[in-house]
Amino acid sequence: MDVSSIIEPLNDAQRLAVSAPDQAVLVLAGAGSGKTRVLVHRIAWHIKINQVSPYHILAVTFTNKAANEMRSRIEDLLQIPARSMWIGTFHGLAHRLLRQHAKDAQLPDNFQVMDSDDQLRVVKRLLKSMNIDDNKWPPKQVQWFINAQKEEGIRARHMADDGDFYQRQMLAIYRSYEDFCQRSGLVDFAELLLRAHEVLRDNPELLTFYRQRFQHVLVDEFQDTNTIQYAWLRLLTEGFNNLFVVGDDDQSIYGWRGAKIENLFAFQKHYPDHQVIRLEQNYRSTGHILKAANTLIAHNDARMGKQLWTDSGDGEAISLYAAFNEQDEAWFVVEKIRQWIADGGLRSEAAILYRSNAQSRQFEERLMTAAIPYRVYGGLRFFERMEVKNALAYLRLASHHDDDPSFERVVNTPTRGIGAKTLDDMRLLARDNALSLWQAAEHMLIHSMLTPRAANALSGFLNLIRQLGQDTSSLPLHETVKHVVERSGLIELYQKEKQDKGETRVENLEELVNAARLFDPDLIDENNLGELDLFLNHAALEAGDMQAEADQDCVQLMTLHSAKGLEFKLVFMVGMEDGLFPSQQSLDDASRLQEERRLCYVGITRAREQLYLTHAESRRLYGKDNYPRPSRFLRELPVESCQEIRLRAQVNRPLTRMKPDAGTVAQTGRYRIGQAVRHEKFGDGVVLQTEGAGDQEKVQINFRRVGIKWLMLAYARLDAV
DNA sequence: GGTAAACACCTTTTT
DNA sequence: GGTGTTTACC
C-alpha cells in the first residue's frame with residue numbers, strides 16, 4: 001500500500017489532526033468538513049505509519065450505520081480486514097464487553113438485551129403488580145425517569161429519599177425494576193452502558209487489561225455523548241493521552257435525550273495536554289448556504305467558535321417562500337421538485353426536511369398526485385415490527401423458558417384460550433414465589449389449580465414451546481426461524497388479517513427468515529453463545545433499516561433530526577414558523593431555543609446547491625387554524641444571501657417587515673388569512689393580511705388575475721367565497 | 001374474542 | 001384533524 005494516500009488527499013487542518021502526536025485531541029469538525037475521513041485516516045495513520053496493531057484500536061460511534069461505514073472505509077483505504085479492531089456503537093461495544101465478562105458484571109451468561117419497547121412493557125407490568133395507577137404514573141414517564149438516572153450513572157441505591165412524594169414513588173419503582181431485570185437476566189440499553197462502566201470501574205485487573213489493550217481510542221460525534229458514555233471513555237483513557245474525539249458543538253441536537261454538550265468543555269479540563277483542531281473548510285455547500293449557516297449560528301452563545309468557508313463560489317441565493325397555507329406550501333415544494341426532475345435532477349438528490357413527523361402528510365399527498373416517488377424516513381424499523389417481535393419472542397421462549405416478557409407477549413398470540421384470569425393468577429403465583437411465568441404455569445398445571453379448559457389451553461401452549469425447542473435444537477439458524485414462524489401459528493394468524501396489513505406482516509416474517517439466513521455472527525465467538533442468541537441480541541441492538549425496500553430513485557422526506565449526517569443537492573426546509581420550528585415548547589427556554597437553532601443550522605448545512613425555506617401564513621394544526629409568525633430563524637439569516645419568491649405574483653417584501661403582527665390582527669378582522677374572496681372587478685383572490693379596524697380596516701389580497709392589492713374594506717365590494 | 005365507539009394524545013430518536 | 005389505544009359491548 002502506498003503510504004502517501006493516507007496524508008496526501010487531506011487539507012492542512014485534516015493533516016494536522018490525522019498526524020497529531022499521541023495526546024488528547026479534540027477535532028472540531030464543522031458540517032461537511034470531512035470528519036469521517038479524518039477518523040478513518042487517523043486510524044490508518046496509526047496502523048501504517050506508527051505500526052500500531054489494529055488490536056490496540058477502539059473506535060466508537062453512535063449508530064450502527066456510522067460504525068459500518070467507518071469499518072468499510074478503513075478496509076478500503078488499508079486493504080486489510082479490520083476484524084480485530086473494536087469498531088462499534090457505544091451500546092454494541094458495551095454489550096460485547098459484558099458478554100465477555102458477564103461473571104464480573106454479575107450477569108447471567110445468557111443475559112438478554114431489551115429494546116425500549118420491551119422495557120416499556122416491563123414497566124407497565126411492574127406498575128400493575130405494584131398496584132400503581134398508571135394514569136397517575138404514566139409508564140412512559142417512569143421509563144424516562146429510569147433511563148435518565150442510569151444515564152447519569154445513578155442506581156436506585158444511590159438515590160436519597162429526600163421526602164419528595166414523586167421522587168419516593170419513582171425510586172420505589174426504579175428499585176423493583178432493577179430487581180426484576182436482575183432476576184430475569186434482562187438488560188436495557190441504558191443498563192448496557194452503566195454496567196459496562198461499572199464492570200471496568202470495579203474490576204481493577206480488567207481495567208488495567210483494557211487500558212493496555214486500547215492504546216488509541218477514537219470517538220465520533222462526541223457532542224452527543226451522555227454522562228455515562230463520557231465516564232466510560234475517561235475510565236479507559238484518562239492519564240494516557242490517547243483519546244481522539246471528533247465533534248461539533250454547533251450540531252448538538254440531542255440534549256433532550258441526555259447528550260451533554262458540556263462534555264466538550266469537560267474534555268478540555270480533564271485532558272490538560274489536549275490539542276484542539278478546527279476543520280472549517282466545507283466541501284459540501286455553496287458560499288451563500290454557508291454564509292446563512294454561519295450567520296444563524298452566531299446567534300448562539302457559549303460556542304467553541306467556528307466559521308465554515310468554501311473555495312467553490314457563492315452559488316445561488318437561498319429562496320424564501322411565504323405560502324398562504326400548508327397546502328400551498330406543499331404545492332410549491334412539489335412544483336419545484338417537478339421542475340428539478342424535469343431539468344434532469346435526481347429525485348434522490350431532493351429532500352424535504354421538517355421539524356415534526358406529522359408535517360410529512362401534506363407533502364406525501366401532493367407528491368402522490370404528482371406521481372413522484374418518495375420515501376419517508378422514520379417510523380418502525382424492521383426488528384421493531386409487531387409480527388417480527390412476536391416471532392422473536394417465540395424464538396426466545398423456546399430457548400429460554402424463563403423469559404417473562406417473551407412469555408407475556410406470545411402466550412395468547414395467536415389466541416389460544418388463555419384468558420386474563422388465568423394469566424393474573426399465574427403472575428400472582430410467580431411474584432409471590434419468585435418464579436418465572438413459565439415455572440408458575442408448570443406449577444399450576446401440576447397442582448391442578450386451573451379449570452380443565454384453561455389447563456388444557458395452557459398445557460397446549462407449554463407443549464408447543466417445548467416442542468419448538470426440541471425441533472429446532474439441531475437445525476441451522478434460518479431453519480429454526482422458519483420452523484418457529486410456521487409452527488407458532490403466526491403465519492396463519494396474519495394470513496387471516498385484512499388483506500393489506502396481513503400480507504405485509506406475512507412478508508415481514510418471510511423476510512425475518514431471510515435475515516436469519518444472511519446473518520453472519522460477526523462477533524467472534526469468544527463466549528460460547530449460540531448462533532440463535534447472537535441473532536436475538538443482534539435484533540435488539542441493531543433494529544435494522546426500515547424495510548429491505550429497493551432503493552429506487554426517490555424524493556427524501558425526513559425530520560431535521562434524521563437528516564443529520566446526510567446531504568442533498570436540493571433541500572427544502574418547510575414549516576419555518578414560530579411554534580413549529582422552533583417548536584412551541586422551546587420558545588420560552590433560552591437553552592432549548594439554542595438547540596433548535598443548532599437544528600436549523602444542521603438543516604441548512606444539508607444543502608449542497610439549492611436551499612428553499614418555506615413558511616405558511618395560515619396552518620391547520622390539531623384541527624384548528626393558526627396564523628403563525630415566520631420563524632425567528634428566518635430573521636437571523638443574512639439578507640444578502642436570501643431572496644423572497646412569490647410564484648403567483650411577484651412582490652418584494654423586505655425580510656425585516658415580514659408581517660410581525662399577522663397573528664394577532666388577522667383574527668380580529670372580518671376576513672381571515674387564507675380566506676377565498678371575490679371582487680367585482682378583480683375577480684377571485686385570497687386574503688393575505690388585514691390591518692386596522694372599522695372604517696380604517698384594510699385587507700391585502702392576492703388576486704389570481706391581477707396580483708396583490710391593498711383594499712379599504714369600507715369601499716371595496718368584497719364577497720367571501 | 002373480536003369489533004366499534006369513545007378517548008387521549010399531539011416534538012425530535014438511537015441503541 | 002388524525003392516529004393509536006383503551007373500553008364497551010355483542
# chains A, B, ... in the order shown; residues from 1 in each chain; ligands from 1
$ closest_atom_pairs --of "range 25-125 of chain A" --to "chain B" --cutoff "9 Å" --atoms "only C-alpha atoms (C1' of nucleotides)" --output "Markdown table"
| residue | atom | partner | partner_atom | distance |
| --- | --- | --- | --- | --- |
| A:Phe62 | CA | B:DT14 | C1' | 7.3 |
| A:Thr63 | CA | B:DT14 | C1' | 6.6 |
| A:Asn64 | CA | B:DT15 | C1' | 8.9 |
| A:Thr89 | CA | B:DT15 | C1' | 8.0 |
| A:Phe90 | CA | B:DT15 | C1' | 8.1 |
| A:His91 | CA | B:DT15 | C1' | 5.9 |
| A:Gly92 | CA | B:DT15 | C1' | 8.1 |
| A:Asp115 | CA | B:DT15 | C1' | 7.9 |
| A:Ser116 | CA | B:DT15 | C1' | 8.9 |
$ interface_residues --of "chain C" --to "chain A" --cutoff "12 Å" --atoms "only C-alpha atoms (C1' of nucleotides)" --output "PDB file with N, CA, C and O atoms (P, O5', C5', C4', C3', O3' and C1' of nucleotides), in the first residue's frame"
ATOM      1  P    DG C   1     -61.211  18.860  11.753  1.00  0.00           P
ATOM      2  O5'  DG C   1     -59.749  19.343  11.311  1.00  0.00           O
ATOM      3  C5'  DG C   1     -58.927  18.975  10.195  1.00  0.00           C
ATOM      4  C4'  DG C   1     -58.006  17.844  10.549  1.00  0.00           C
ATOM      5  C3'  DG C   1     -58.572  16.448  10.327  1.00  0.00           C
ATOM      6  O3'  DG C   1     -57.554  15.678   9.704  1.00  0.00           O
ATOM      7  C1'  DG C   1     -57.692  16.602  12.482  1.00  0.00           C
ATOM      8  P    DG C   2     -57.974  14.475   8.808  1.00  0.00           P
ATOM      9  O5'  DG C   2     -56.663  13.565   8.940  1.00  0.00           O
ATOM     10  C5'  DG C   2     -55.503  14.090   9.567  1.00  0.00           C
ATOM     11  C4'  DG C   2     -54.923  13.048  10.502  1.00  0.00           C
ATOM     12  C3'  DG C   2     -55.422  11.615  10.274  1.00  0.00           C
ATOM     13  O3'  DG C   2     -54.312  10.747  10.386  1.00  0.00           O
ATOM     14  C1'  DG C   2     -55.737  12.193  12.513  1.00  0.00           C
ATOM     15  P    DT C   3     -54.382   9.250   9.939  1.00  0.00           P
ATOM     16  O5'  DT C   3     -53.342   8.551  10.934  1.00  0.00           O
ATOM     17  C5'  DT C   3     -52.486   9.341  11.752  1.00  0.00           C
ATOM     18  C4'  DT C   3     -52.421   8.725  13.131  1.00  0.00           C
ATOM     19  C3'  DT C   3     -52.711   7.217  13.181  1.00  0.00           C
ATOM     20  O3'  DT C   3     -51.646   6.564  13.839  1.00  0.00           O
ATOM     21  C1'  DT C   3     -53.918   8.356  14.851  1.00  0.00           C
TER      22       DT C   3
END
$ interface_residues --of "chain A" --to "chain B" --cutoff "10 Å" --atoms "only C-alpha atoms (C1' of nucleotides)" --output "ChimeraX atom specification"
/A:62-64,89-92,115-116,188-190,192-193,253-254,256-257,355-358,378,415,417,419,540-543,559-562,580-586,596,599,621-622
$ select_by_dssp --residues "range 109-172 of chain A" --states "alpha helix (DSSP H)" --output "PDB file with C-alpha atoms, in the first residue's frame"
ATOM      1  CA  SER A 116     -37.152   0.218  24.551  1.00  0.00           C
ATOM      2  CA  ASP A 117     -40.439  -1.385  23.605  1.00  0.00           C
ATOM      3  CA  ASP A 118     -39.621  -4.416  25.747  1.00  0.00           C
ATOM      4  CA  GLN A 119     -38.578  -2.089  28.512  1.00  0.00           C
ATOM      5  CA  LEU A 120     -41.851  -0.224  28.404  1.00  0.00           C
ATOM      6  CA  ARG A 121     -43.778  -3.473  28.658  1.00  0.00           C
ATOM      7  CA  VAL A 122     -41.771  -4.479  31.692  1.00  0.00           C
ATOM      8  CA  VAL A 123     -42.505  -1.134  33.318  1.00  0.00           C
ATOM      9  CA  LYS A 124     -46.215  -1.490  32.614  1.00  0.00           C
ATOM     10  CA  ARG A 125     -46.327  -4.960  34.125  1.00  0.00           C
ATOM     11  CA  LEU A 126     -44.381  -3.772  37.105  1.00  0.00           C
ATOM     12  CA  LEU A 127     -46.737  -0.884  37.779  1.00  0.00           C
ATOM     13  CA  LYS A 128     -49.662  -3.246  37.632  1.00  0.00           C
ATOM     14  CA  SER A 129     -48.040  -5.661  40.021  1.00  0.00           C
ATOM     15  CA  PRO A 139     -45.276   4.190  32.119  1.00  0.00           C
ATOM     16  CA  LYS A 140     -43.520   6.339  29.519  1.00  0.00           C
ATOM     17  CA  GLN A 141     -42.556   8.830  32.184  1.00  0.00           C
ATOM     18  CA  VAL A 142     -41.375   6.095  34.509  1.00  0.00           C
ATOM     19  CA  GLN A 143     -39.274   4.637  31.720  1.00  0.00           C
ATOM     20  CA  TRP A 144     -37.847   8.049  31.016  1.00  0.00           C
ATOM     21  CA  PHE A 145     -37.013   8.542  34.672  1.00  0.00           C
ATOM     22  CA  ILE A 146     -35.226   5.214  34.970  1.00  0.00           C
ATOM     23  CA  ASN A 147     -33.198   5.768  31.823  1.00  0.00           C
ATOM     24  CA  ALA A 148     -32.309   9.302  32.853  1.00  0.00           C
ATOM     25  CA  GLN A 149     -30.937   8.022  36.180  1.00  0.00           C
ATOM     26  CA  LYS A 150     -28.947   5.282  34.529  1.00  0.00           C
ATOM     27  CA  GLU A 151     -27.510   7.680  32.001  1.00  0.00           C
ATOM     28  CA  PHE A 165     -43.524  12.152  47.180  1.00  0.00           C
ATOM     29  CA  TYR A 166     -42.914  11.952  43.448  1.00  0.00           C
ATOM     30  CA  GLN A 167     -39.285  11.029  43.908  1.00  0.00           C
ATOM     31  CA  ARG A 168     -40.081   8.434  46.570  1.00  0.00           C
ATOM     32  CA  GLN A 169     -42.544   6.681  44.334  1.00  0.00           C
ATOM     33  CA  MET A 170     -40.227   6.773  41.319  1.00  0.00           C
ATOM     34  CA  LEU A 171     -37.445   5.457  43.471  1.00  0.00           C
ATOM     35  CA  ALA A 172     -39.575   2.540  44.607  1.00  0.00           C
TER      36      ALA A 172
END
$ residues_around --residues "range 339-341 of chain A" --least-positions-apart "5" --cutoff "12 Å" --atoms "only C-alpha atoms (C1' of nucleotides)" --output "short mmCIF file (atom, residue, chain, number, x, y, z; two decimals) with C-alpha atoms, in the first residue's frame"
data_model
loop_
_atom_site.label_atom_id
_atom_site.label_comp_id
_atom_site.auth_asym_id
_atom_site.auth_seq_id
_atom_site.Cartn_x
_atom_site.Cartn_y
_atom_site.Cartn_z
CA PHE A 332 -44.98 24.97 -4.09
CA VAL A 333 -42.40 22.46 -2.93
CA VAL A 334 -43.66 19.71 -5.17
CA LEU A 346 -32.26 13.03 -9.49
CA ARG A 347 -35.23 12.61 -7.21
CA SER A 348 -32.96 11.18 -4.51
CA GLU A 349 -30.98 14.43 -4.57
CA ALA A 350 -34.02 16.33 -3.32
CA ALA A 351 -35.06 16.33 0.32
CA ALA A 370 -47.89 14.41 -8.92
CA ILE A 372 -43.40 11.44 -7.92
CA PRO A 373 -41.89 8.52 -5.99
CA ASP A 553 -34.72 6.98 -7.06
CA CYS A 554 -37.00 8.70 -4.52
CA VAL A 555 -37.56 12.15 -3.09
CA LYS A 569 -28.29 18.94 -3.76
CA LEU A 570 -31.77 20.37 -3.31
CA VAL A 571 -33.15 20.92 0.18
CA GLU A 609 -26.61 23.61 -4.15
CA GLN A 610 -30.10 24.93 -3.58
#
$ atom_distance --atom1 "CA of Arg409 in chain A" --atom2 "CA of Leu509 in chain A"
16.4 Å
$ residues_around --residues "range 717-719 of chain A" --least-positions-apart "6" --cutoff "7 Å" --atoms "only C-alpha atoms (C1' of nucleotides)" --output "PDB file with N, CA, C and O atoms, in the first residue's frame"
ATOM      1  N   VAL A 677     -61.874  35.064  -1.479  1.00  0.00           N
ATOM      2  CA  VAL A 677     -62.849  36.148  -1.654  1.00  0.00           C
ATOM      3  C   VAL A 677     -63.036  36.446  -3.145  1.00  0.00           C
ATOM      4  O   VAL A 677     -62.231  36.010  -3.985  1.00  0.00           O
ATOM      5  N   ARG A 678     -64.107  37.165  -3.455  1.00  0.00           N
ATOM      6  CA  ARG A 678     -64.326  37.564  -4.845  1.00  0.00           C
ATOM      7  C   ARG A 678     -64.573  39.066  -4.901  1.00  0.00           C
ATOM      8  O   ARG A 678     -65.297  39.620  -4.081  1.00  0.00           O
ATOM      9  N   HIS A 679     -63.945  39.736  -5.864  1.00  0.00           N
ATOM     10  CA  HIS A 679     -64.128  41.169  -6.042  1.00  0.00           C
ATOM     11  C   HIS A 679     -64.775  41.401  -7.396  1.00  0.00           C
ATOM     12  O   HIS A 679     -64.471  40.709  -8.364  1.00  0.00           O
ATOM     13  N   GLU A 680     -65.675  42.388  -7.439  1.00  0.00           N
ATOM     14  CA  GLU A 680     -66.425  42.682  -8.657  1.00  0.00           C
ATOM     15  C   GLU A 680     -65.503  42.809  -9.863  1.00  0.00           C
ATOM     16  O   GLU A 680     -65.730  42.219 -10.910  1.00  0.00           O
TER      17      GLU A 680
END
$ residues_around --residues "Val388 in chain A" --least-positions-apart "6" --cutoff "8 Å" --atoms "only C-alpha atoms (C1' of nucleotides)" --output "MDAnalysis selection string"
chainID A and resid 382 508:509 512
$ write_last_selection --atoms "C-alpha atoms" --output "short mmCIF file (atom, residue, chain, number, x, y, z; two decimals), in the first residue's frame"
data_model
loop_
_atom_site.label_atom_id
_atom_site.label_comp_id
_atom_site.auth_asym_id
_atom_site.auth_seq_id
_atom_site.Cartn_x
_atom_site.Cartn_y
_atom_site.Cartn_z
CA PHE A 382 -37.77 -3.93 10.74
CA ASN A 508 -42.03 -9.47 7.05
CA LEU A 509 -41.96 -12.89 8.68
CA LEU A 512 -37.10 -12.48 9.02
#
$ select_by_dssp --residues "range 130-234 of chain A" --states "strand (DSSP E)" --output "ChimeraX atom specification"
/A:186-187,216-219
$ residues_around --residues "Gln675 in chain A" --least-positions-apart "2" --cutoff "9 Å" --atoms "only C-alpha atoms (C1' of nucleotides)" --output "short mmCIF file (atom, residue, chain, number, x, y, z; two decimals) with N, CA and C atoms, in the first residue's frame"
data_model
loop_
_atom_site.label_atom_id
_atom_site.label_comp_id
_atom_site.auth_asym_id
_atom_site.auth_seq_id
_atom_site.Cartn_x
_atom_site.Cartn_y
_atom_site.Cartn_z
N TYR A 671 -62.03 39.38 7.91
CA TYR A 671 -61.52 38.37 6.99
C TYR A 671 -60.34 37.63 7.59
N ARG A 672 -60.32 36.34 7.34
CA ARG A 672 -59.22 35.51 7.83
C ARG A 672 -58.16 35.40 6.75
N ILE A 673 -56.95 35.24 7.18
CA ILE A 673 -55.88 34.98 6.22
C ILE A 673 -56.13 33.65 5.53
N VAL A 677 -61.87 35.06 -1.48
CA VAL A 677 -62.85 36.15 -1.65
C VAL A 677 -63.04 36.45 -3.15
N GLY A 685 -59.63 35.84 -5.33
CA GLY A 685 -58.35 36.02 -4.67
C GLY A 685 -58.35 35.42 -3.28
N VAL A 686 -57.20 35.56 -2.62
CA VAL A 686 -57.06 35.02 -1.27
C VAL A 686 -56.55 36.12 -0.35
N VAL A 687 -57.11 36.21 0.84
CA VAL A 687 -56.70 37.22 1.80
C VAL A 687 -55.31 36.91 2.35
N LEU A 688 -54.45 37.88 2.29
CA LEU A 688 -53.09 37.68 2.80
C LEU A 688 -52.93 38.23 4.20
N ALA A 720 -67.12 37.06 0.49
CA ALA A 720 -66.46 35.81 0.86
C ALA A 720 -66.96 34.70 -0.06
N VAL A 721 -66.07 33.83 -0.44
CA VAL A 721 -66.50 32.73 -1.33
C VAL A 721 -66.70 31.46 -0.52
#
$ atom_distance --atom1 "CA of Glu8 in chain A" --atom2 "CA of Leu308 in chain A"
22.0 Å
